[in-house]
Amino acid sequence: MSNGPIPLSKALASFDALWSPRVVTRVNDYDVRIAKVEGEHVWHVHDDTDEFFLVLDGELRISLREPDAERTVLLPQGTAFTVPRGTEHKPHAPFGAAILMFEPSGTLTVGDRHDEVPDHVDATTGHMLGI
Ligand code: NI
């Protein structure tokens, strides 16, 4: 892992895979991950951790199944949002986006419980950034 400054533009340019997060750095026992996304992820839930999103480019949408209803939050570039632990959610980005996530190392992209994972979604705890 780099011990120098990490230009996120260079980090994003170093891979093309969608829905396949790269670990940029670690903060204590948390990962800072970046991902390129387009289309739909999968409904899933993290039982034991919140999940932080920051939209670096484009627009991310996150559908949430809350106790009373389902809703979708729209997150334009520069917007932060935290999905609370235990809340079923599905990120999607019809027009594409680049996002940053902050969550405990070892957190699976598809959570602890999930719908059937489509081929275009990488079920991973993140890949090390190759720069
Ligand atoms: Ni999640």
# chains A, B, ... in the order shown; residues from 1 in each chain; ligands from 1

$ select_by_dssp --residues "chain A" --states "strand (DSSP E)" --output "PyMOL selection string"
chain A and resi 22-27+30-40+44-45+51-65+70-76+80-83+88-104+113-114+127-128

$ select_by_dssp --residues "chain A" --states "helix (DSSP H, G or I)" --output "ChimeraX atom specification"
/A:8-13

$ residues_around --residues "Val24 in chain A" --least-positions-apart "6" --cutoff "10 Å" --atoms "only C-alpha atoms" --output "CSV table (one decimal) with C-alpha atoms, in the first residue's frame"
chain,number,residue,atom,x,y,z
A,1,MET,CA,0.0,0.0,0.0
A,2,SER,CA,1.3,3.4,-0.9
A,6,ILE,CA,-2.7,9.0,-3.6
A,7,PRO,CA,-4.2,11.0,-6.4
A,8,LEU,CA,-7.7,9.6,-6.7
A,11,ALA,CA,-6.3,5.6,-8.8
A,12,LEU,CA,-9.6,5.5,-10.7
A,31,ASP,CA,-10.9,0.5,4.4
A,32,VAL,CA,-11.1,3.5,2.1
A,33,ARG,CA,-12.3,2.0,-1.1
A,34,ILE,CA,-13.1,3.4,-4.5
A,100,LEU,CA,-15.6,6.3,-2.4
A,101,MET,CA,-16.6,4.0,0.5
A,126,GLY,CA,-12.0,-5.3,-2.0
A,127,HIS,CA,-8.9,-5.6,-4.1
A,128,MET,CA,-5.6,-3.8,-3.4
A,129,LEU,CA,-5.0,-0.8,-5.6
A,130,GLY,CA,-2.3,-1.6,-8.2
A,131,ILE,CA,-0.5,1.8,-8.1

$ closest_residue --among "A:Lys10, A:His46, A:Arg22, A:Arg61" --to "His92 in chain A" --atoms "only C-alpha atoms"
A:Arg61

$ closest_residue --among "A:Ala80, A:Leu75, A:Ala97, A:Ile62" --to "ligand 1" --atoms "only C-alpha atoms and all ligand atoms"
A:Ile62

$ closest_residue --among "A:Gly86, A:Pro67, A:Gly4, A:Gly78" --to "ligand 1" --atoms "only C-alpha atoms and all ligand atoms"
A:Gly86

$ residues_around --residues "Asp112 in chain A" --least-positions-apart "5" --cutoff "10 Å" --atoms "only C-alpha atoms" --output "NGL selection string"
:A and (44-48 or 86 or 107)

$ residues_near_ligand --ligand "ligand 1" --cutoff "9 Å" --atoms "only C-alpha atoms and all ligand atoms" --output "list of chain:residue names"
A:Val42, A:Trp43, A:His44, A:Val45, A:His46, A:Asp50, A:Glu51, A:Phe52, A:Val83, A:Thr87, A:Glu88, A:His89, A:Lys90, A:Pro91, A:Thr107, A:Leu108, A:Thr109, A:Val110, A:Gly111

$ closest_residue --among "A:Val117, A:Val37, A:Ala17, A:Ala123" --to "Ala98 in chain A" --atoms "only C-alpha atoms"
A:Val37
